file run-v2.pdb (PDB, C-alpha atoms)
ATOM      1  CA  SER A   1     -13.826   2.601   7.167  1.00  0.00           C
ATOM      2  CA  LEU A   2     -10.542   1.882   5.378  1.00  0.00           C
ATOM      3  CA  ALA A   3      -8.255  -1.122   5.795  1.00  0.00           C
ATOM      4  CA  LEU A   4      -4.568  -0.831   4.909  1.00  0.00           C
ATOM      5  CA  GLY A   5      -2.186  -3.531   3.769  1.00  0.00           C
ATOM      6  CA  LEU A   6       0.502  -4.387   1.221  1.00  0.00           C
ATOM      7  CA  ARG A   7       0.208  -6.405  -1.972  1.00  0.00           C
ATOM      8  CA  TYR A   8       2.765  -5.427  -4.604  1.00  0.00           C
ATOM      9  CA  GLY A   9       2.271  -1.835  -3.576  1.00  0.00           C
ATOM     10  CA  PRO A  10      -0.397   0.204  -1.803  1.00  0.00           C
ATOM     11  CA  TYR A  11      -3.559  -1.793  -1.189  1.00  0.00           C
ATOM     12  CA  ILE A  12      -6.658   0.056   0.006  1.00  0.00           C
ATOM     13  CA  VAL A  13      -9.987  -1.436   1.055  1.00  0.00           C
ATOM     14  CA  LYS A  14     -13.124   0.622   1.717  1.00  0.00           C
ATOM     15  CA  THR A  15     -15.875  -1.002   3.777  1.00  0.00           C
ATOM     16  CA  ASP A  16     -19.325   0.030   4.935  1.00  0.00           C
ATOM     17  CA  SER A  17     -20.259   0.505   8.589  1.00  0.00           C
ATOM     18  CA  VAL A  18     -20.556  -3.267   9.202  1.00  0.00           C
ATOM     19  CA  GLY A  19     -17.388  -4.306   7.372  1.00  0.00           C
ATOM     20  CA  ASN A  20     -18.762  -5.215   3.955  1.00  0.00           C
ATOM     21  CA  VAL A  21     -16.308  -4.358   1.169  1.00  0.00           C
ATOM     22  CA  ALA A  22     -17.406  -1.349  -0.892  1.00  0.00           C
ATOM     23  CA  TRP A  23     -14.278  -1.247  -3.064  1.00  0.00           C
ATOM     24  CA  GLU A  24     -10.625  -2.242  -3.059  1.00  0.00           C
ATOM     25  CA  GLU A  25      -7.756  -0.874  -5.109  1.00  0.00           C
ATOM     26  CA  TRP A  26      -4.092  -1.637  -5.857  1.00  0.00           C
ATOM     27  CA  TYR A  27      -1.999   1.255  -7.112  1.00  0.00           C
ATOM     28  CA  THR A  28       1.666   0.901  -8.145  1.00  0.00           C
ATOM     29  CA  SER A  29       3.251  -2.203  -9.683  1.00  0.00           C
ATOM     30  CA  SER A  30       6.173  -2.186  -7.232  1.00  0.00           C
ATOM     31  CA  ASP A  31       6.193  -4.560  -4.268  1.00  0.00           C
ATOM     32  CA  ASN A  32       8.464  -2.077  -2.487  1.00  0.00           C
ATOM     33  CA  THR A  33       5.833   0.560  -1.800  1.00  0.00           C
ATOM     34  CA  GLU A  34       3.620   0.432   1.266  1.00  0.00           C
ATOM     35  CA  VAL A  35       1.121   2.679   3.019  1.00  0.00           C
ATOM     36  CA  LYS A  36       0.576   2.793   6.776  1.00  0.00           C
ATOM     37  CA  GLY A  37      -1.197   6.094   7.501  1.00  0.00           C
ATOM     38  CA  VAL A  38      -4.534   7.405   6.232  1.00  0.00           C
ATOM     39  CA  ASP A  39      -6.742  10.437   6.862  1.00  0.00           C
ATOM     40  CA  LYS A  40      -9.725  12.110   5.274  1.00  0.00           C
ATOM     41  CA  SER A  41      -8.709  14.909   2.940  1.00  0.00           C
ATOM     42  CA  PRO A  42     -10.414  18.311   3.294  1.00  0.00           C
ATOM     43  CA  PHE A  43     -10.514  18.363  -0.511  1.00  0.00           C
ATOM     44  CA  GLY A  44     -12.459  15.101  -0.729  1.00  0.00           C
ATOM     45  CA  GLY A  45     -11.174  11.546  -0.771  1.00  0.00           C
ATOM     46  CA  TYR A  46      -8.237  10.330   1.287  1.00  0.00           C
ATOM     47  CA  ILE A  47      -4.567  11.066   1.845  1.00  0.00           C
ATOM     48  CA  LEU A  48      -2.209   8.154   2.611  1.00  0.00           C
ATOM     49  CA  SER A  49       1.423   7.930   3.658  1.00  0.00           C
ATOM     50  CA  GLY A  50       4.127   5.277   3.774  1.00  0.00           C
ATOM     51  CA  LYS A  51       7.431   4.590   2.082  1.00  0.00           C
ATOM     52  CA  THR A  52       8.507   3.752  -1.439  1.00  0.00           C
ATOM     53  CA  GLU A  53      11.487   2.474  -3.333  1.00  0.00           C
ATOM     54  CA  ALA A  54       9.650   2.571  -6.654  1.00  0.00           C
ATOM     55  CA  LEU A  55       9.928   6.303  -7.339  1.00  0.00           C
ATOM     56  CA  ASN A  56      13.614   6.556  -6.411  1.00  0.00           C
ATOM     57  CA  GLY A  57      15.114   3.087  -6.926  1.00  0.00           C
ATOM     58  CA  GLY A  58      18.480   1.704  -5.851  1.00  0.00           C
ATOM     59  CA  GLY A  59      17.276   0.245  -2.560  1.00  0.00           C
ATOM     60  CA  VAL A  60      16.652   3.697  -1.079  1.00  0.00           C
ATOM     61  CA  PHE A  61      13.277   4.230   0.584  1.00  0.00           C
ATOM     62  CA  ASP A  62      11.609   7.628   0.763  1.00  0.00           C
ATOM     63  CA  PHE A  63       8.520   9.107   2.366  1.00  0.00           C
ATOM     64  CA  TYR A  64       5.517   8.420   0.144  1.00  0.00           C
ATOM     65  CA  LEU A  65       2.296  10.417  -0.148  1.00  0.00           C
ATOM     66  CA  LEU A  66      -0.724   9.184  -2.112  1.00  0.00           C
ATOM     67  CA  LYS A  67      -3.980  11.049  -2.827  1.00  0.00           C
ATOM     68  CA  ILE A  68      -7.081   9.131  -3.903  1.00  0.00           C
ATOM     69  CA  SER A  69     -10.707  10.058  -4.489  1.00  0.00           C
ATOM     70  CA  GLU A  70     -13.681   9.065  -2.356  1.00  0.00           C
ATOM     71  CA  THR A  71     -14.160   6.023  -4.618  1.00  0.00           C
ATOM     72  CA  GLY A  72     -10.481   5.029  -4.638  1.00  0.00           C
ATOM     73  CA  THR A  73      -9.448   6.576  -7.947  1.00  0.00           C
ATOM     74  CA  PHE A  74      -5.760   7.502  -8.089  1.00  0.00           C
ATOM     75  CA  GLU A  75      -5.224  11.288  -8.173  1.00  0.00           C
ATOM     76  CA  TRP A  76      -1.518  11.867  -7.501  1.00  0.00           C
ATOM     77  CA  HIS A  77       1.472  10.605  -5.547  1.00  0.00           C
ATOM     78  CA  ASN A  78       4.922  11.853  -4.629  1.00  0.00           C
ATOM     79  CA  SER A  79       8.063  10.769  -2.799  1.00  0.00           C
ATOM     80  CA  TYR A  80      10.270  12.792  -0.448  1.00  0.00           C
ATOM     81  CA  GLY A  81      13.760  12.262   0.904  1.00  0.00           C
ATOM     82  CA  GLY A  82      17.350  11.736  -0.125  1.00  0.00           C
ATOM     83  CA  ALA A  83      20.200   9.378   0.661  1.00  0.00           C
ATOM     84  CA  GLY A  84      19.461   6.731   3.278  1.00  0.00           C
ATOM     85  CA  VAL A  85      16.115   5.372   4.389  1.00  0.00           C
ATOM     86  CA  GLN A  86      13.074   7.446   5.279  1.00  0.00           C
ATOM     87  CA  GLY A  87       9.577   6.186   5.938  1.00  0.00           C
ATOM     88  CA  ALA A  88       6.276   7.704   7.030  1.00  0.00           C
ATOM     89  CA  TRP A  89       4.150   5.917   9.615  1.00  0.00           C
ATOM     90  CA  ASP A  90       1.284   8.404   9.788  1.00  0.00           C
ATOM     91  CA  VAL A  91      -0.318  11.324   7.987  1.00  0.00           C
ATOM     92  CA  ILE A  92      -2.896  13.931   8.987  1.00  0.00           C
ATOM     93  CA  ALA A  93      -4.815  16.680   7.247  1.00  0.00           C
ATOM     94  CA  THR A  94      -4.283  19.791   9.384  1.00  0.00           C
ATOM     95  CA  LEU A  95      -6.764  22.464  10.409  1.00  0.00           C
ATOM     96  CA  ASP A  96      -5.343  24.791   7.749  1.00  0.00           C
ATOM     97  CA  SER A  97      -5.776  22.147   5.020  1.00  0.00           C
ATOM     98  CA  THR A  98      -2.157  21.088   4.641  1.00  0.00           C
ATOM     99  CA  TYR A  99      -0.804  17.557   5.150  1.00  0.00           C
ATOM    100  CA  ILE A 100       1.819  16.433   7.675  1.00  0.00           C
ATOM    101  CA  MET A 101       3.606  13.082   7.381  1.00  0.00           C
ATOM    102  CA  ALA A 102       5.323  11.620  10.450  1.00  0.00           C
ATOM    103  CA  GLY A 103       8.070   9.004  10.466  1.00  0.00           C
ATOM    104  CA  ASN A 104      11.827   8.667  10.721  1.00  0.00           C
ATOM    105  CA  ASP A 105      14.959   9.528   8.780  1.00  0.00           C
ATOM    106  CA  GLU A 106      17.965   7.175   8.897  1.00  0.00           C
ATOM    107  CA  ILE A 107      20.527   9.272   7.038  1.00  0.00           C
ATOM    108  CA  SER A 108      22.638   9.816  10.191  1.00  0.00           C
ATOM    109  CA  GLY A 109      21.306   7.745  13.057  1.00  0.00           C
ATOM    110  CA  SER A 110      17.524   7.815  13.060  1.00  0.00           C
ATOM    111  CA  ARG A 111      15.591  10.966  13.882  1.00  0.00           C
ATOM    112  CA  GLY A 112      11.921  11.748  14.154  1.00  0.00           C
ATOM    113  CA  TYR A 113      10.935  13.325  10.847  1.00  0.00           C
ATOM    114  CA  LEU A 114       7.942  15.496   9.899  1.00  0.00           C
ATOM    115  CA  ILE A 115       7.172  16.803   6.420  1.00  0.00           C
ATOM    116  CA  MET A 116       4.401  19.320   5.737  1.00  0.00           C
ATOM    117  CA  THR A 117       3.037  19.642   2.210  1.00  0.00           C
ATOM    118  CA  ASP A 118       0.400  21.795   0.573  1.00  0.00           C
ATOM    119  CA  SER A 119      -2.784  20.344  -0.910  1.00  0.00           C
ATOM    120  CA  PHE A 120      -0.908  19.199  -4.038  1.00  0.00           C
ATOM    121  CA  GLY A 121       1.945  17.494  -2.195  1.00  0.00           C
ATOM    122  CA  ASN A 122       4.521  20.263  -2.562  1.00  0.00           C
ATOM    123  CA  VAL A 123       6.854  20.531   0.444  1.00  0.00           C
ATOM    124  CA  VAL A 124       6.185  23.488   2.771  1.00  0.00           C
ATOM    125  CA  TRP A 125       8.795  22.490   5.348  1.00  0.00           C
ATOM    126  CA  GLU A 126      10.500  19.480   6.905  1.00  0.00           C
ATOM    127  CA  LYS A 127      11.714  19.124  10.476  1.00  0.00           C
ATOM    128  CA  LYS A 128      13.742  16.540  12.389  1.00  0.00           C
ATOM    129  CA  PHE A 129      13.658  15.742  16.111  1.00  0.00           C
ATOM    130  CA  GLY A 130      16.104  13.977  18.399  1.00  0.00           C
ATOM    131  CA  LEU A 131      19.881  13.740  18.629  1.00  0.00           C
ATOM    132  CA  THR A 132      21.819  12.143  15.778  1.00  0.00           C
ATOM    133  CA  GLN A 133      23.631   9.759  18.152  1.00  0.00           C
ATOM    134  CA  ASP A 134      20.270   8.376  19.326  1.00  0.00           C
ATOM    135  CA  ASN A 135      17.536   6.640  17.322  1.00  0.00           C
ATOM    136  CA  HIS A 136      14.059   8.144  17.126  1.00  0.00           C
ATOM    137  CA  ALA A 137      10.872   7.463  15.200  1.00  0.00           C
ATOM    138  CA  ILE A 138       7.514   9.260  15.196  1.00  0.00           C
ATOM    139  CA  VAL A 139       4.714   6.765  14.623  1.00  0.00           C
ATOM    140  CA  ASN A 140       1.607   8.851  15.346  1.00  0.00           C
ATOM    141  CA  ILE A 141       0.681  12.529  15.152  1.00  0.00           C
ATOM    142  CA  LEU A 142      -2.469  14.353  16.280  1.00  0.00           C
ATOM    143  CA  GLN A 143      -3.444  17.993  15.955  1.00  0.00           C
ATOM    144  CA  LEU A 144      -5.239  19.624  18.884  1.00  0.00           C
ATOM    145  CA  LYS A 145      -7.960  22.283  18.837  1.00  0.00           C
ATOM    146  CA  ASP A 146      -5.427  25.033  19.600  1.00  0.00           C
ATOM    147  CA  SER A 147      -3.507  24.008  16.427  1.00  0.00           C
ATOM    148  CA  SER A 148      -0.628  22.466  18.406  1.00  0.00           C
ATOM    149  CA  PHE A 149       0.428  18.841  17.896  1.00  0.00           C
ATOM    150  CA  VAL A 150       1.304  15.767  19.913  1.00  0.00           C
ATOM    151  CA  CYS A 151       3.376  12.868  18.581  1.00  0.00           C
ATOM    152  CA  ALA A 152       4.127   9.367  19.825  1.00  0.00           C
ATOM    153  CA  GLY A 153       6.871   6.931  18.902  1.00  0.00           C
ATOM    154  CA  ALA A 154      10.076   5.482  20.296  1.00  0.00           C
ATOM    155  CA  SER A 155      13.579   6.622  21.154  1.00  0.00           C
ATOM    156  CA  SER A 156      16.779   4.724  21.924  1.00  0.00           C
ATOM    157  CA  PHE A 157      19.691   6.253  23.773  1.00  0.00           C
ATOM    158  CA  LEU A 158      23.136   6.388  22.163  1.00  0.00           C
ATOM    159  CA  GLY A 159      21.911   3.928  19.525  1.00  0.00           C
ATOM    160  CA  ASP A 160      21.445   1.121  22.096  1.00  0.00           C
ATOM    161  CA  THR A 161      18.640  -1.110  20.778  1.00  0.00           C
ATOM    162  CA  MET A 162      18.030  -2.401  24.319  1.00  0.00           C
ATOM    163  CA  GLN A 163      17.560   1.115  25.692  1.00  0.00           C
ATOM    164  CA  VAL A 164      14.441   1.973  23.686  1.00  0.00           C
ATOM    165  CA  GLN A 165      11.596   3.801  25.426  1.00  0.00           C
ATOM    166  CA  GLY A 166       8.220   5.118  24.394  1.00  0.00           C
ATOM    167  CA  TRP A 167       8.466   8.734  23.274  1.00  0.00           C
ATOM    168  CA  LEU A 168       5.757  11.420  23.641  1.00  0.00           C
ATOM    169  CA  LEU A 169       6.480  14.766  21.990  1.00  0.00           C
ATOM    170  CA  LYS A 170       4.466  18.008  22.227  1.00  0.00           C
ATOM    171  CA  LEU A 171       4.839  20.602  19.461  1.00  0.00           C
ATOM    172  CA  ASP A 172       3.462  24.109  18.999  1.00  0.00           C
ATOM    173  CA  LYS A 173       1.387  25.165  15.981  1.00  0.00           C
ATOM    174  CA  ASN A 174       4.592  25.615  13.952  1.00  0.00           C
ATOM    175  CA  CYS A 175       5.770  22.123  14.930  1.00  0.00           C
ATOM    176  CA  ASP A 176       8.566  23.417  17.134  1.00  0.00           C
ATOM    177  CA  SER A 177       9.207  21.291  20.221  1.00  0.00           C
ATOM    178  CA  ILE A 178       7.599  22.306  23.543  1.00  0.00           C
ATOM    179  CA  TRP A 179       8.421  19.213  25.588  1.00  0.00           C
ATOM    180  CA  SER A 180       9.149  15.509  25.266  1.00  0.00           C
ATOM    181  CA  VAL A 181       8.939  12.649  27.741  1.00  0.00           C
ATOM    182  CA  PHE A 182      10.126   9.038  27.685  1.00  0.00           C
ATOM    183  CA  ASP A 183       8.588   6.047  29.418  1.00  0.00           C
ATOM    184  CA  GLY A 184       9.511   2.374  29.671  1.00  0.00           C
ATOM    185  CA  ASN A 185      11.832  -0.172  31.274  1.00  0.00           C
ATOM    186  CA  SER A 186      15.580  -0.091  31.541  1.00  0.00           C
ATOM    187  CA  ASN A 187      17.634  -2.552  29.464  1.00  0.00           C
ATOM    188  CA  VAL A 188      14.673  -3.757  27.387  1.00  0.00           C
ATOM    189  CA  PRO A 189      12.961  -2.065  24.428  1.00  0.00           C
ATOM    190  CA  ASP A 190       9.525  -0.470  24.826  1.00  0.00           C
ATOM    191  CA  TYR A 191       7.544   1.315  22.122  1.00  0.00           C
ATOM    192  CA  PHE A 192       4.551   3.617  21.656  1.00  0.00           C
ATOM    193  CA  TYR A 193       2.447   2.838  18.585  1.00  0.00           C
ATOM    194  CA  GLY A 194      -1.030   4.272  19.312  1.00  0.00           C
ATOM    195  CA  LEU A 195      -2.070   7.762  20.425  1.00  0.00           C
ATOM    196  CA  SER A 196      -5.396   9.303  21.404  1.00  0.00           C
ATOM    197  CA  LEU A 197      -6.679  12.394  23.187  1.00  0.00           C
ATOM    198  CA  ALA A 198      -8.182  11.753  26.634  1.00  0.00           C
ATOM    199  CA  LYS A 199     -11.363  13.459  27.869  1.00  0.00           C
ATOM    200  CA  ASP A 200      -9.446  15.384  30.547  1.00  0.00           C
ATOM    201  CA  GLY A 201      -7.085  16.903  27.982  1.00  0.00           C
ATOM    202  CA  GLY A 202      -4.301  14.390  28.559  1.00  0.00           C
ATOM    203  CA  PHE A 203      -3.096  11.738  26.168  1.00  0.00           C
ATOM    204  CA  VAL A 204      -3.472   7.960  26.002  1.00  0.00           C
ATOM    205  CA  VAL A 205      -0.648   6.057  24.323  1.00  0.00           C
ATOM    206  CA  SER A 206      -0.405   2.335  23.620  1.00  0.00           C
ATOM    207  CA  GLY A 207       2.396   0.113  22.496  1.00  0.00           C
ATOM    208  CA  GLN A 208       4.710  -2.705  23.483  1.00  0.00           C
ATOM    209  CA  TYR A 209       6.073  -3.254  26.996  1.00  0.00           C
ATOM    210  CA  ASN A 210       8.905  -5.766  27.478  1.00  0.00           C
ATOM    211  CA  ARG A 211      10.378  -7.271  30.601  1.00  0.00           C
ATOM    212  CA  ILE A 212      13.006  -9.755  31.731  1.00  0.00           C
ATOM    213  CA  GLY A 213      12.024 -12.398  34.258  1.00  0.00           C
ATOM    214  CA  ALA A 214       8.788 -12.847  36.186  1.00  0.00           C
ATOM    215  CA  PRO A 215       6.210 -10.017  36.173  1.00  0.00           C
TER     216      PRO A 215
END
call {"tool": "encode", "arguments": {"input": "run-v2.pdb", "output": "structure tokens"}}
result
Amino acid sequence: SLALGLRYGPYIVKTDSVGNVAWEEWYTSSDNTEVKGVDKSPFGGYILSGKTEALNGGGVFDFYLLKISETGTFEWHNSYGGAGVQGAWDVIATLDSTYIMAGNDEISGSRGYLIMTDSFGNVVWEKKFGLTQDNHAIVNILQLKDSSFVCAGASSFLGDTMQVQGWLLKLDKNCDSIWSVFDGNSNVPDYFYGLSLAKDGGFVVSGQYNRIGAP
């Protein structure tokens, strides 16, 4: 298993099946780079995603993609984005051996943001989801057996930070939207952070539920 954290940059810990540390590695010298998502790479080793200021500078954060070997050796990294703040919460290796990072883009409002790259980190496409007057973030992404995708995150309406609801988004194999649903309370923020496929073909999402007053 792998444990993720932040110590002056990406910090990766590999453990055995009972939690004993096999190896640990620190990568960049910047304390403004972090990794949050990890998946096994079809080419061996691991692919990790997060956000970085180190490769762009000036207080601007970009999507960050890091490839390491099975033993934690650095192979390559890259950053993606432009003006404003972008950050990746999750990354997956797809069935066709590409990578997709999921996160948000805060150039105009905040929109759900997906970037697909090839096996070397070159951009294949990037797509944004949600209205610019609202705030959206994609925190998790899964690919299904039929090559479609499901994403989980949060969405606020008209930029109101107290009108945030959990957001579940279904995409086709080309990552074009099929449907999206929102769930949560009114007038308090709720979030989806975790996502899993249920045995009956549905989805299980987990997150934070807020309330005002007695339960």
call {"tool": "closest_residue", "arguments": {"input": "run-v2.pdb", "among": "A:Leu142, A:Leu48, A:Leu171, A:Ile92", "to": "Gly72 (chain A)", "atoms": "only C-alpha atoms"}}
result
A:Leu48
call {"tool": "residues_around", "arguments": {"input": "run-v2.pdb", "residues": "Asn78 (chain A)", "least_positions_apart": "2", "cutoff": "12 Å", "atoms": "all atoms listed in the file", "output": "PyMOL selection string"}}
result
chain A and resi 28+33+47-56+62-67+75-76+80-81+117+120-123
call {"tool": "atom_distance", "arguments": {"input": "run-v2.pdb", "atom1": "CA of Thr73 (chain A)", "atom2": "CA of Asn140 (chain A)"}}
result
25.9 Å
call {"tool": "resolve_selection", "arguments": {"input": "run-v2.pdb", "expression": "the PyMOL selection byres ((chain A and resi 139) around 7)", "output": "list in words"}}
result
Trp89, Asp90, Ala102, Gly103, Ala137, Ile138, Asn140, Ala152, Gly153 and Tyr193 of chain A
call {"tool": "atom_distance", "arguments": {"input": "run-v2.pdb", "atom1": "CA of Gln208 (chain A)", "atom2": "CA of Ile100 (chain A)"}}
result
25.0 Å
call {"tool": "atom_distance", "arguments": {"input": "run-v2.pdb", "atom1": "CA of Tyr99 (chain A)", "atom2": "CA of Val18 (chain A)"}}
result
29.0 Å
call {"tool": "resolve_selection", "arguments": {"input": "run-v2.pdb", "expression": "the PyMOL selection byres ((chain A and resi 144) around 10)", "output": "tab-separated table (two decimals) with C-alpha atoms, keeping the file's coordinate frame"}}
result
chain	number	residue	atom	x	y	z
A	94	THR	CA	-4.28	19.79	9.38
A	95	LEU	CA	-6.76	22.46	10.41
A	141	ILE	CA	0.68	12.53	15.15
A	142	LEU	CA	-2.47	14.35	16.28
A	143	GLN	CA	-3.44	17.99	15.96
A	145	LYS	CA	-7.96	22.28	18.84
A	146	ASP	CA	-5.43	25.03	19.60
A	147	SER	CA	-3.51	24.01	16.43
A	148	SER	CA	-0.63	22.47	18.41
A	149	PHE	CA	0.43	18.84	17.90
A	150	VAL	CA	1.30	15.77	19.91
A	172	ASP	CA	3.46	24.11	19.00
A	173	LYS	CA	1.39	25.16	15.98
A	197	LEU	CA	-6.68	12.39	23.19
A	201	GLY	CA	-7.08	16.90	27.98
call {"tool": "closest_residue", "arguments": {"input": "run-v2.pdb", "among": "A:Ser177, A:Leu168, A:Val124, A:Asp118", "to": "Gly202 (chain A)", "atoms": "all atoms listed in the file"}}
result
A:Leu168
call {"tool": "closest_residue", "arguments": {"input": "run-v2.pdb", "among": "A:Val13, A:Ile178, A:Ala198, A:Val38", "to": "Trp26 (chain A)", "atoms": "only C-alpha atoms"}}
result
A:Val13
call {"tool": "closest_residue", "arguments": {"input": "run-v2.pdb", "among": "A:Met116, A:Ile68, A:Val181, A:Leu169", "to": "Phe43 (chain A)", "atoms": "all atoms listed in the file"}}
result
A:Ile68
call {"tool": "resolve_selection", "arguments": {"input": "run-v2.pdb", "expression": "the PyMOL selection byres ((chain A and resi 19-25) around 10)", "output": "list of chain:residue names"}}
result
A:Ser1, A:Leu2, A:Ala3, A:Pro10, A:Tyr11, A:Ile12, A:Val13, A:Lys14, A:Thr15, A:Asp16, A:Ser17, A:Val18, A:Trp26, A:Tyr27, A:Thr71, A:Gly72, A:Thr73, A:Phe74
call {"tool": "residues_around", "arguments": {"input": "run-v2.pdb", "residues": "Trp167 (chain A)", "least_positions_apart": "5", "cutoff": "8 Å", "atoms": "all atoms listed in the file", "output": "PyMOL selection string"}}
result
chain A and resi 152-155+180-183+191-192
call {"tool": "axis_aligned_box", "arguments": {"input": "run-v2.pdb", "around": "region 145-152 of chain A", "padding_each_side": "5 Å", "output": "AutoDock Vina command-line options"}}
result
--center_x -1.9 --center_y 17.2 --center_z 18.2 --size_x 22.1 --size_y 25.7 --size_z 13.5
call {"tool": "closest_residue", "arguments": {"input": "run-v2.pdb", "among": "A:Lys40, A:Phe61, A:Ser119, A:Lys128", "to": "Asp176 (chain A)", "atoms": "all atoms listed in the file"}}
result
A:Lys128
